[in-house]
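To start, the structure itself, in structure tokens.
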Amino acid sequence: MTAPVLEVQGLTKRFPIQGGLLRRTRAEVHAVENVSFALASGETLCVVGESGCGKSTVGKLILRLIEPTAGQILIGGTDVSALDAASMRPLRRRAQMIFQDPSASLNPRLTAEQIVTEPMENYERLSAKGRRERALSLLQRVGLGRDALGKHSFEFSGGQRQRLGIARALSLRPALIVADEPTSALDVSVQAQVLNLLLDLQDEYGLAYLFISHDLGVVEHIAHRVAVMYLGRIVELADSKTLFASPRHPYTEALLAAAPLPNPRTPRDRPVIEGEVPSPISPPSGCAFHPRCAYAITRCRNERPELHLTTFGSLVACHVRE
Ligand code: SF4
């Protein structure tokens with residue numbers, strides 16, 4: 001059996017809050033707590049949740065843009081969580097990122113050709129001709145023509161810049177792409193084009209996507225499986241069809257109920273979430289969702305629910321949902 005492209009076990013990240021003259025750690029932000037999942041070649045796992053739930057931190061941890069506090073990250077079966085920079089080098093090629101804001105992630109002083117060939121110069125032994133040929137082929141594959149080679153990022157539209165970001169992410173032929181809200185800065189009409197391009201590229205190259213998004217419409221369109229995060233923890237993990245048809249965790253229900261409806265006058269058939277997300281510095285005891293949950297029982301305040309398999313085939317962390 002081939003190893004998953006990505007496997008995450010017990011991933012945890014706490015950011016210390018320091019203060020005082022001696023800069024002692026006074027508290028910790030519980031950004032990601034004990035997150036585990038696996039991702040296969042050709043699969044899209046979407047991570048959703050309200051802002052501050054830890055979904056973007058998970059993406060950064062996987063690419064080692066920030067260091068985990070605990071847990072393991074296996075890319076292609078190799079544990080990269082404790083590797084130093086030199087040992088990480090060969091594995092960097094296997095996992096790449098597409099950012100939310102292509103303008104901020106592309107160097108305006110470089111041409112499109114330089115942007116796409118730069119990772120090859122750093123990580124591959126290709127001749128200048130080979131790099132140029134691959135750059136041209138990638139730019140054409142993402143829908144930018146030969147004339148794009150000599151242009152700078154500010155000469156492109158928002159959608160074209162994201163296409164350029166995708167070409168750069170593909171330049172080292174990765175197996176895994178972490179895409180952090182890659183379409184949320186784009187116009188709706190362009191969003192659909194970029195999403196369809198990502199789907200085509202996945203079919204063509206067998207890419208695994210860890211797709212971070214707050215847009216449930218986008219998620220329903222592209223996800224094979226969905227992980228719902230609340231205050232740093234996965235509270236539901238299910239295949240996309242099951243999750244959208246039969247959400248089991250009360251927080252998932254509330255998220256779906258809060259999604260915009262085509263006709264805002266249509267009555268909602270599920271309770272909409274109320275209240276603010278509690279502070280990740282001192283998360284509530286027991287189930288962290290209990291202060292906002294319409295189904296909470298006494299046990300919820302005292303005992304944290306673990307993920308368990310429900311009769312629907314989804315994994316859910318809830319005391320009352322089977
Ligand atoms: Fe609500 Fe309790 Fe389930 Fe948490 S464990 S989601 S508080 S019912």
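Residues are referred to by chain and number: the chain letter is A, B, ... according to the order shown in the structure tokens, the number counts from 1 in that chain, and ligands are numbered separately from 1 in the order shown.
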Environment of ligand 1 within 12 Å, counting only C-alpha atoms and all ligand atoms, reported as a PyMOL selection string: chain A and resi 230+234-236+247-254+273+284-308+316-322
Which neighbours of Glu124 of chain A fall inside 12 Å, counting only C-alpha atoms, when residues of the same chain fewer than 6 positions from it are skipped, and could you give them as a tab-separated table (two decimals) with C-alpha atoms, in the first residue's frame?
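Dumped everything to selection39.tsv:
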```tsv
chain	number	residue	atom	x	y	z
A	89	ARG	CA	15.45	20.63	1.28
A	90	PRO	CA	14.62	17.56	-0.82
A	92	ARG	CA	10.35	21.06	0.14
A	93	ARG	CA	9.81	20.18	-3.52
A	117	THR	CA	12.02	29.44	-12.71
A	118	GLU	CA	13.31	30.69	-9.33
A	130	GLY	CA	15.20	23.49	-19.53
A	131	ARG	CA	13.95	25.93	-16.90
A	134	ARG	CA	9.21	24.23	-18.26
A	171	SER	CA	7.25	24.41	-10.98
A	172	LEU	CA	8.86	21.70	-8.80
A	173	ARG	CA	6.19	19.11	-9.67
```
Near segment 49-57 of chain A, 12 Å: segment 100-206 of chain A residue rows, closest pairs, only C-alpha atoms, as a Markdown table:
```
| residue | atom | partner | partner_atom | distance |
| --- | --- | --- | --- | --- |
| A:Gln100 | CA | A:Ser56 | CA | 10.5 |
| A:Val178 | CA | A:Ser56 | CA | 9.6 |
| A:Ala179 | CA | A:Ser56 | CA | 9.4 |
| A:Asp180 | CA | A:Ser56 | CA | 6.6 |
| A:Glu181 | CA | A:Ser56 | CA | 8.8 |
| A:Pro182 | CA | A:Ser56 | CA | 11.8 |
```
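For the pair atom CA of Ile66 of chain A and atom CA of Leu106 of chain A, the interatomic distance is 20.1 Å.
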Contacts of Arg225 of chain A within 7 Å, only C-alpha atoms, excl. fewer than 6 positions in-chain, as a ChimeraX atom specification: /A:44-46,238-240
Write out, as a PDB file, in the first residue's frame, the residues just selected, with C-alpha atoms.
```
ATOM      1  CA  THR A  44      -8.906  17.344  -1.799  1.00  0.00           C
ATOM      2  CA  LEU A  45      -9.371  17.814   1.919  1.00  0.00           C
ATOM      3  CA  CYS A  46     -10.975  21.145   2.746  1.00  0.00           C
ATOM      4  CA  ALA A 238     -16.470  13.550   6.801  1.00  0.00           C
ATOM      5  CA  ASP A 239     -16.724  13.011   3.083  1.00  0.00           C
ATOM      6  CA  SER A 240     -18.137  16.093   1.427  1.00  0.00           C
TER       7      SER A 240
END
```
Residue neighbourhood Gln114 of chain A, 12 Å, only C-alpha atoms, exclusion window fewer than 3 positions, as a list in words: Leu106, Asn107, Pro108, Arg109, Leu110, Thr111, Thr117, Glu118, Pro119, Met120, Glu121, Asn122, Ala128, Arg131, Arg132, Arg134, Ala135, Leu136, Leu139, Ala148, Leu149, Gly150, Lys151, His152, Ser153, Leu164, Ala167, Arg168 and Ser171 of chain A
Surrounding residues of segment 39-43 of chain A excluding itself and chain neighbours under 4 positions, 10 Å, only C-alpha atoms, as a PyMOL selection string: chain A and resi 2-8+75-76+175-176+199+201-210+222-225
The selected residues should be written to file as an mmCIF file, in the first residue's frame (atoms: N, CA and C atoms).
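What ended up in part-v3.cif:
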```cif
data_model
loop_
_atom_site.group_PDB
_atom_site.id
_atom_site.type_symbol
_atom_site.label_atom_id
_atom_site.label_comp_id
_atom_site.auth_asym_id
_atom_site.auth_seq_id
_atom_site.Cartn_x
_atom_site.Cartn_y
_atom_site.Cartn_z
ATOM 1 N N THR A 2 0.569 2.214 -0.870
ATOM 2 C CA THR A 2 1.404 3.416 -0.878
ATOM 3 C C THR A 2 1.044 4.321 0.310
ATOM 4 N N ALA A 3 2.093 5.022 0.814
ATOM 5 C CA ALA A 3 1.866 5.922 1.955
ATOM 6 C C ALA A 3 1.015 7.096 1.504
ATOM 7 N N PRO A 4 0.196 7.651 2.401
ATOM 8 C CA PRO A 4 -0.536 8.872 2.037
ATOM 9 C C PRO A 4 0.463 9.968 1.659
ATOM 10 N N VAL A 5 0.032 10.882 0.813
ATOM 11 C CA VAL A 5 0.898 12.015 0.470
ATOM 12 C C VAL A 5 1.215 12.809 1.733
ATOM 13 N N LEU A 6 0.214 12.938 2.579
ATOM 14 C CA LEU A 6 0.391 13.705 3.827
ATOM 15 C C LEU A 6 -0.317 12.990 4.965
ATOM 16 N N GLU A 7 0.375 12.896 6.085
ATOM 17 C CA GLU A 7 -0.255 12.351 7.283
ATOM 18 C C GLU A 7 0.134 13.253 8.458
ATOM 19 N N VAL A 8 -0.852 13.648 9.217
ATOM 20 C CA VAL A 8 -0.621 14.537 10.350
ATOM 21 C C VAL A 8 -1.145 13.828 11.590
ATOM 22 N N ILE A 75 5.323 13.544 5.193
ATOM 23 C CA ILE A 75 5.091 13.838 3.783
ATOM 24 C C ILE A 75 5.689 12.690 2.980
ATOM 25 N N GLY A 76 4.822 11.999 2.236
ATOM 26 C CA GLY A 76 5.278 10.814 1.493
ATOM 27 C C GLY A 76 5.902 9.772 2.417
ATOM 28 N N ALA A 175 3.716 16.933 -5.005
ATOM 29 C CA ALA A 175 2.627 15.961 -4.838
ATOM 30 C C ALA A 175 1.497 16.575 -4.028
ATOM 31 N N LEU A 176 1.836 17.593 -3.229
ATOM 32 C CA LEU A 176 0.873 18.191 -2.297
ATOM 33 C C LEU A 176 0.877 19.705 -2.456
ATOM 34 N N LEU A 199 -9.000 22.012 -10.380
ATOM 35 C CA LEU A 199 -9.551 20.653 -10.520
ATOM 36 C C LEU A 199 -8.927 19.924 -11.709
ATOM 37 N N LEU A 201 -5.973 20.479 -13.026
ATOM 38 C CA LEU A 201 -4.567 20.177 -12.704
ATOM 39 C C LEU A 201 -4.473 18.978 -11.764
ATOM 40 N N GLN A 202 -5.455 18.867 -10.873
ATOM 41 C CA GLN A 202 -5.459 17.722 -9.959
ATOM 42 C C GLN A 202 -5.634 16.420 -10.737
ATOM 43 N N ASP A 203 -6.561 16.431 -11.693
ATOM 44 C CA ASP A 203 -6.775 15.239 -12.531
ATOM 45 C C ASP A 203 -5.506 14.885 -13.299
ATOM 46 N N GLU A 204 -4.878 15.905 -13.828
ATOM 47 C CA GLU A 204 -3.724 15.701 -14.707
ATOM 48 C C GLU A 204 -2.490 15.203 -13.950
ATOM 49 N N TYR A 205 -2.224 15.794 -12.783
ATOM 50 C CA TYR A 205 -0.987 15.498 -12.052
ATOM 51 C C TYR A 205 -1.189 14.657 -10.797
ATOM 52 N N GLY A 206 -2.454 14.295 -10.490
ATOM 53 C CA GLY A 206 -2.712 13.506 -9.276
ATOM 54 C C GLY A 206 -2.395 14.273 -8.006
ATOM 55 N N LEU A 207 -2.557 15.592 -8.039
ATOM 56 C CA LEU A 207 -2.184 16.420 -6.888
ATOM 57 C C LEU A 207 -3.107 16.181 -5.702
ATOM 58 N N ALA A 208 -2.540 16.239 -4.512
ATOM 59 C CA ALA A 208 -3.344 16.261 -3.283
ATOM 60 C C ALA A 208 -3.453 17.710 -2.852
ATOM 61 N N TYR A 209 -4.668 18.147 -2.544
ATOM 62 C CA TYR A 209 -4.874 19.529 -2.089
ATOM 63 C C TYR A 209 -5.328 19.545 -0.639
ATOM 64 N N LEU A 210 -4.646 20.329 0.168
ATOM 65 C CA LEU A 210 -5.196 20.729 1.461
ATOM 66 C C LEU A 210 -5.711 22.140 1.239
ATOM 67 N N ILE A 222 -15.520 21.611 -4.509
ATOM 68 C CA ILE A 222 -14.238 20.954 -4.810
ATOM 69 C C ILE A 222 -13.811 19.854 -3.830
ATOM 70 N N ALA A 223 -14.438 19.787 -2.640
ATOM 71 C CA ALA A 223 -13.904 18.886 -1.607
ATOM 72 C C ALA A 223 -14.274 17.425 -1.834
ATOM 73 N N HIS A 224 -13.336 16.531 -1.579
ATOM 74 C CA HIS A 224 -13.680 15.117 -1.419
ATOM 75 C C HIS A 224 -14.060 14.865 0.040
ATOM 76 N N ARG A 225 -13.257 15.427 0.952
ATOM 77 C CA ARG A 225 -13.570 15.333 2.384
ATOM 78 C C ARG A 225 -13.431 16.720 3.000
#
```
DSSP-assigned helix (DSSP H, G or I) among segment 108-281 of chain A, expressed as a VMD selection string: chain A and resid 112 to 123 128 to 141 146 to 150 153 to 155 158 to 170 188 to 205 216 to 222 240 to 245 250 to 258
All strand (DSSP E or B) residues (DSSP, backbone) inside segment 135-233 of chain A, as a ChimeraX atom specification: /A:152,176-180,208-212,225-230,233
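You can rank A:Gln18, A:His30, A:Thr311, A:Met88 by their closest distance to Ser246 of chain A using only C-alpha atoms, and at the top of that list sits A:Thr311.
Checking A:Ala27, A:Arg161, A:Met229, A:Glu276 one by one against Phe99 of chain A, counting only C-alpha atoms, you find the shortest gap at A:Arg161.
Put simply, atom CA of Leu126 of chain A is 15.3 Å away from atom CA of Leu170 of chain A.
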Contacts of Glu33 of chain A at 10 Å (only C-alpha atoms; same-chain gap of 5+ positions) as an NGL selection string: :A and (10-14 or 54 or 58 or 69-71 or 231-234)
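Atom CA of Glu220 of chain A sits 11.7 Å away from atom CA of Leu195 of chain A.
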Within 10 Å of Leu186 of chain A using only C-alpha atoms, minus same-chain residues under 4 positions, as a PDB file with N, CA, C and O atoms, in the first residue's frame:
```pdb
ATOM      1  N   GLN A 100      -3.460  33.280  -0.527  1.00  0.00           N
ATOM      2  CA  GLN A 100      -4.716  33.996  -0.738  1.00  0.00           C
ATOM      3  C   GLN A 100      -4.521  35.209  -1.635  1.00  0.00           C
ATOM      4  O   GLN A 100      -5.285  35.431  -2.553  1.00  0.00           O
ATOM      5  N   ASP A 101      -3.483  35.985  -1.337  1.00  0.00           N
ATOM      6  CA  ASP A 101      -3.300  37.242  -2.051  1.00  0.00           C
ATOM      7  C   ASP A 101      -2.111  37.123  -2.992  1.00  0.00           C
ATOM      8  O   ASP A 101      -0.964  37.259  -2.573  1.00  0.00           O
ATOM      9  N   PRO A 102      -2.381  36.852  -4.282  1.00  0.00           N
ATOM     10  CA  PRO A 102      -1.251  36.644  -5.197  1.00  0.00           C
ATOM     11  C   PRO A 102      -0.367  37.878  -5.299  1.00  0.00           C
ATOM     12  O   PRO A 102       0.840  37.753  -5.484  1.00  0.00           O
ATOM     13  N   SER A 157      -3.993  40.880 -14.351  1.00  0.00           N
ATOM     14  CA  SER A 157      -5.200  41.056 -13.541  1.00  0.00           C
ATOM     15  C   SER A 157      -5.093  40.136 -12.317  1.00  0.00           C
ATOM     16  O   SER A 157      -4.205  39.272 -12.249  1.00  0.00           O
ATOM     17  N   GLY A 158      -6.042  40.301 -11.369  1.00  0.00           N
ATOM     18  CA  GLY A 158      -6.021  39.469 -10.157  1.00  0.00           C
ATOM     19  C   GLY A 158      -6.071  37.979 -10.473  1.00  0.00           C
ATOM     20  O   GLY A 158      -5.316  37.184  -9.917  1.00  0.00           O
ATOM     21  N   GLY A 159      -6.960  37.602 -11.381  1.00  0.00           N
ATOM     22  CA  GLY A 159      -7.086  36.190 -11.749  1.00  0.00           C
ATOM     23  C   GLY A 159      -5.818  35.676 -12.428  1.00  0.00           C
ATOM     24  O   GLY A 159      -5.373  34.548 -12.179  1.00  0.00           O
ATOM     25  N   GLN A 162      -3.176  35.028  -9.892  1.00  0.00           N
ATOM     26  CA  GLN A 162      -3.329  33.763  -9.175  1.00  0.00           C
ATOM     27  C   GLN A 162      -2.915  32.593 -10.075  1.00  0.00           C
ATOM     28  O   GLN A 162      -2.335  31.616  -9.605  1.00  0.00           O
ATOM     29  N   PRO A 182      -7.367  30.397  -1.768  1.00  0.00           N
ATOM     30  CA  PRO A 182      -6.749  30.865  -3.008  1.00  0.00           C
ATOM     31  C   PRO A 182      -7.669  31.651  -3.922  1.00  0.00           C
ATOM     32  O   PRO A 182      -7.188  32.297  -4.852  1.00  0.00           O
ATOM     33  N   VAL A 190     -14.221  35.065 -11.788  1.00  0.00           N
ATOM     34  CA  VAL A 190     -12.849  34.565 -11.934  1.00  0.00           C
ATOM     35  C   VAL A 190     -12.607  33.390 -10.986  1.00  0.00           C
ATOM     36  O   VAL A 190     -11.876  32.451 -11.303  1.00  0.00           O
ATOM     37  N   GLN A 191     -13.257  33.440  -9.808  1.00  0.00           N
ATOM     38  CA  GLN A 191     -13.126  32.346  -8.833  1.00  0.00           C
ATOM     39  C   GLN A 191     -13.416  31.010  -9.485  1.00  0.00           C
ATOM     40  O   GLN A 191     -12.674  30.045  -9.335  1.00  0.00           O
ATOM     41  N   ALA A 192     -14.545  30.944 -10.220  1.00  0.00           N
ATOM     42  CA  ALA A 192     -14.963  29.670 -10.822  1.00  0.00           C
ATOM     43  C   ALA A 192     -13.904  29.178 -11.809  1.00  0.00           C
ATOM     44  O   ALA A 192     -13.588  27.982 -11.847  1.00  0.00           O
ATOM     45  N   VAL A 194     -10.658  29.795 -11.787  1.00  0.00           N
ATOM     46  CA  VAL A 194      -9.449  29.334 -11.078  1.00  0.00           C
ATOM     47  C   VAL A 194      -9.724  27.992 -10.388  1.00  0.00           C
ATOM     48  O   VAL A 194      -8.878  27.090 -10.404  1.00  0.00           O
TER      49      VAL A 194
END
```
